[in-house]
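Peer 1: Before I ask anything, here is the structure I am working with.
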Amino acid sequence: MKLVPPAVERRYYAVTGPLIQALIRAGVRPNTLTTIGTALVVASAVAFAVGAIRLGGFLLLLSGLLDTLDGAVARGSGAATKFGAFYDSTLDRIGDGATFIGIAAYLLYTPGVAYRELAIVLCMVATLATLVVSYARARAEGLGLDCKVGFAQRAERIIGLGLASLVVGAGPRALVLEAIVAILAVAGIVTVVQRFLYVYRITGGADASRRAPEVTPAATDTYVKG
């Protein structure tokens, strides 16, 4: 189950289709979009850290837009490469970590924050869960398995944190921001478990090692978004 319904995803790509085609005609490279998107998410993290929460949310949503465009441009222009997939996936992980580091910095240094210590620990948990969610998919795809299942994938994380931060801000004593982080931490843990159980089920789990040899990891040209 995903928080963003497939019908909404289809509508989104239908709306952004002309923009994708315009980027392809202009000769914009997918890696350029990936780089700009990462710069925006790092800028978002800085905005969170200095207390500009709504700006941070806006920049995060903008980075999420580019995050969807780079893969679409790569596929549409026939420019998908193994290095591009590696570059995109690696920079996505940098962006994920930077976001929660920025939020943790804000919670650490801002006066009057409620549940400060717990919230910072939750930022750490959310960071770890986010990275493991993406790693689980990448590792499964390296084994030739499709593993896009999960309650909160990268798009859901960006939309949830970005939209709430843009509309509400940190809230009184940063309680709203803390609640968002807590939800993302729990959702990340749930998604890790979902992907673990999914791969366990389709591979036959522990019994598979007695029935078949290990699958050799293979490179993929797909853009892994987590």
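Residue numbering restarts at 1 in every chain; chains get A, B, ... in the order shown in the structure tokens, and ligands count up from 1 in that same order.
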Per residue of segment 148-210 of chain A within 12 Å of segment 32-46 of chain A, which atom pair is closest and at what distance in Å (one decimal), using only C-alpha atoms, listed by chain and increasing number, as CSV?

Peer 2:
residue,atom,partner,partner_atom,distance
A:Ile158,CA,A:Val41,CA,10.0
A:Leu161,CA,A:Ser44,CA,11.3
A:Gly162,CA,A:Ser44,CA,9.5
A:Ser165,CA,A:Ser44,CA,10.9
A:Leu166,CA,A:Ser44,CA,11.3

Peer 1: Any chance you could list, as an MDAnalysis selection string, the residues in segment 37-222 of chain A that come up alpha helix (DSSP H) when DSSP is run on the backbone?

Peer 2: chainID A and resid 37:49 53:77 82:109 116:142 154:168 175:203

Peer 1: Take the selection from the previous step and output its residues with C-alpha atoms, as a compact mmCIF listing (two decimals), in the first residue's frame.

Peer 2:
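Writing done, so here's selection_26.txt:
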# COMPACT_ATOMS: atom_id res chain seq x y z
CA GLY A 37 17.52 18.78 -7.15
CA THR A 38 20.16 17.78 -4.62
CA ALA A 39 21.30 21.39 -4.28
CA LEU A 40 17.70 22.36 -3.53
CA VAL A 41 17.24 19.68 -0.90
CA VAL A 42 20.50 20.70 0.79
CA ALA A 43 19.30 24.32 0.71
CA SER A 44 16.06 23.07 2.25
CA ALA A 45 18.02 21.40 5.05
CA VAL A 46 19.87 24.67 5.73
CA ALA A 47 16.54 26.51 5.82
CA PHE A 48 15.19 24.01 8.34
CA ALA A 49 18.34 24.35 10.44
CA ILE A 53 10.59 26.05 8.23
CA ARG A 54 8.12 27.12 5.54
CA LEU A 55 10.95 27.96 3.15
CA GLY A 56 12.48 24.59 3.92
CA GLY A 57 9.20 22.88 3.07
CA PHE A 58 8.88 24.79 -0.19
CA LEU A 59 12.43 23.97 -1.30
CA LEU A 60 11.91 20.33 -0.35
CA LEU A 61 8.79 20.11 -2.52
CA LEU A 62 10.63 21.80 -5.38
CA SER A 63 13.47 19.31 -5.07
CA GLY A 64 10.89 16.52 -5.15
CA LEU A 65 9.59 17.84 -8.47
CA LEU A 66 13.07 17.62 -9.99
CA ASP A 67 13.48 14.22 -8.39
CA THR A 68 10.64 12.91 -10.55
CA LEU A 69 11.75 14.74 -13.69
CA ASP A 70 15.30 13.41 -13.93
CA GLY A 71 14.27 9.79 -14.31
CA ALA A 72 11.46 10.68 -16.74
CA VAL A 73 13.84 12.74 -18.87
CA ALA A 74 16.41 9.92 -18.82
CA ARG A 75 13.85 7.38 -20.02
CA GLY A 76 12.19 9.70 -22.52
CA SER A 77 15.44 10.79 -24.14
CA LYS A 82 24.25 2.81 -15.24
CA PHE A 83 26.27 5.74 -13.95
CA GLY A 84 23.18 7.96 -14.07
CA ALA A 85 21.26 5.46 -11.95
CA PHE A 86 24.15 5.26 -9.49
CA TYR A 87 24.54 9.06 -9.39
CA ASP A 88 20.83 9.66 -8.86
CA SER A 89 20.45 7.05 -6.14
CA THR A 90 23.55 8.21 -4.27
CA LEU A 91 22.55 11.86 -4.29
CA ASP A 92 19.05 10.92 -3.17
CA ARG A 93 20.54 9.36 -0.06
CA ILE A 94 22.58 12.50 0.61
CA GLY A 95 19.39 14.54 0.35
CA ASP A 96 17.50 12.23 2.71
CA GLY A 97 20.19 12.49 5.35
CA ALA A 98 20.61 16.25 4.95
CA THR A 99 16.91 16.89 5.53
CA PHE A 100 16.81 15.22 8.93
CA ILE A 101 20.18 16.68 9.93
CA GLY A 102 18.78 20.14 9.24
CA ILE A 103 15.66 19.44 11.30
CA ALA A 104 17.72 18.00 14.15
CA ALA A 105 19.93 21.11 14.17
CA TYR A 106 16.84 23.31 14.45
CA LEU A 107 15.44 21.24 17.31
CA LEU A 108 18.82 21.25 19.08
CA TYR A 109 19.44 25.01 19.09
CA ARG A 116 13.89 18.15 22.51
CA GLU A 117 15.92 15.03 23.26
CA LEU A 118 13.21 12.63 22.08
CA ALA A 119 12.69 14.59 18.88
CA ILE A 120 16.40 14.53 18.04
CA VAL A 121 16.51 10.77 18.61
CA LEU A 122 13.49 10.42 16.31
CA CYS A 123 15.38 12.37 13.65
CA MET A 124 18.15 9.79 13.92
CA VAL A 125 15.65 6.93 13.70
CA ALA A 126 13.97 8.55 10.68
CA THR A 127 17.34 8.96 8.95
CA LEU A 128 18.28 5.33 9.52
CA ALA A 129 14.87 4.04 8.46
CA THR A 130 14.92 6.17 5.31
CA LEU A 131 18.33 4.86 4.28
CA VAL A 132 17.39 1.23 4.98
CA VAL A 133 14.15 1.60 3.00
CA SER A 134 16.13 2.68 -0.05
CA TYR A 135 18.87 0.11 0.50
CA ALA A 136 16.32 -2.71 0.76
CA ARG A 137 14.88 -1.81 -2.65
CA ALA A 138 18.29 -1.37 -4.26
CA ARG A 139 19.57 -4.68 -2.85
CA ALA A 140 16.44 -6.51 -3.96
CA GLU A 141 16.72 -5.06 -7.46
CA GLY A 142 20.39 -6.08 -7.50
CA ARG A 154 10.46 8.61 -1.11
CA ALA A 155 7.64 10.54 -2.79
CA GLU A 156 5.41 10.14 0.26
CA ARG A 157 8.19 11.29 2.58
CA ILE A 158 8.91 14.41 0.56
CA ILE A 159 5.24 15.34 0.12
CA GLY A 160 4.37 14.68 3.76
CA LEU A 161 7.23 16.66 5.26
CA GLY A 162 7.36 19.37 2.60
CA LEU A 163 3.64 20.12 2.44
CA ALA A 164 3.09 20.08 6.20
CA SER A 165 6.13 22.31 6.79
CA LEU A 166 5.05 24.75 4.08
CA VAL A 167 1.47 25.05 5.31
CA VAL A 168 1.86 24.81 9.10
CA LEU A 175 5.33 20.26 18.17
CA VAL A 176 4.00 20.02 14.61
CA LEU A 177 7.46 19.47 13.15
CA GLU A 178 8.22 16.91 15.85
CA ALA A 179 4.99 15.07 15.08
CA ILE A 180 5.88 14.93 11.38
CA VAL A 181 9.31 13.52 12.17
CA ALA A 182 7.77 10.92 14.50
CA ILE A 183 5.29 9.85 11.83
CA LEU A 184 8.05 9.56 9.23
CA ALA A 185 10.21 7.53 11.61
CA VAL A 186 7.39 5.07 12.31
CA ALA A 187 6.37 4.94 8.64
CA GLY A 188 9.97 4.25 7.66
CA ILE A 189 10.24 1.36 10.11
CA VAL A 190 6.94 -0.07 8.85
CA THR A 191 8.16 0.18 5.24
CA VAL A 192 11.42 -1.61 6.08
CA VAL A 193 9.41 -4.46 7.62
CA GLN A 194 7.05 -4.55 4.63
CA ARG A 195 9.94 -4.85 2.19
CA PHE A 196 11.67 -7.48 4.30
CA LEU A 197 8.53 -9.61 4.46
CA TYR A 198 7.84 -9.10 0.76
CA VAL A 199 11.29 -10.30 -0.31
CA TYR A 200 11.12 -13.15 2.21
CA ARG A 201 7.81 -14.26 0.73
CA ILE A 202 8.71 -14.10 -2.96
CA THR A 203 12.09 -15.79 -2.47

Peer 1: Take atom CA of Arg173 of chain A and atom CA of Gly112 of chain A and report the distance between them in Å, one decimal.

Peer 2: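 Result for atom CA of Arg173 of chain A versus atom CA of Gly112 of chain A: 5.7 Å, one decimal.
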
Peer 1: Interatomic distance between atom CA of Ile20 of chain A and atom CA of Gly150 of chain A?

Peer 2: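 Pair atom CA of Ile20 of chain A / atom CA of Gly150 of chain A returns 26.8 Å.
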
Peer 1: Measure the distance from atom CA of Ala174 of chain A to atom CA of Val113 of chain A in Å and round it to one decimal.

Peer 2: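 About the pair atom CA of Ala174 of chain A and atom CA of Val113 of chain A: they are 5.7 Å apart.
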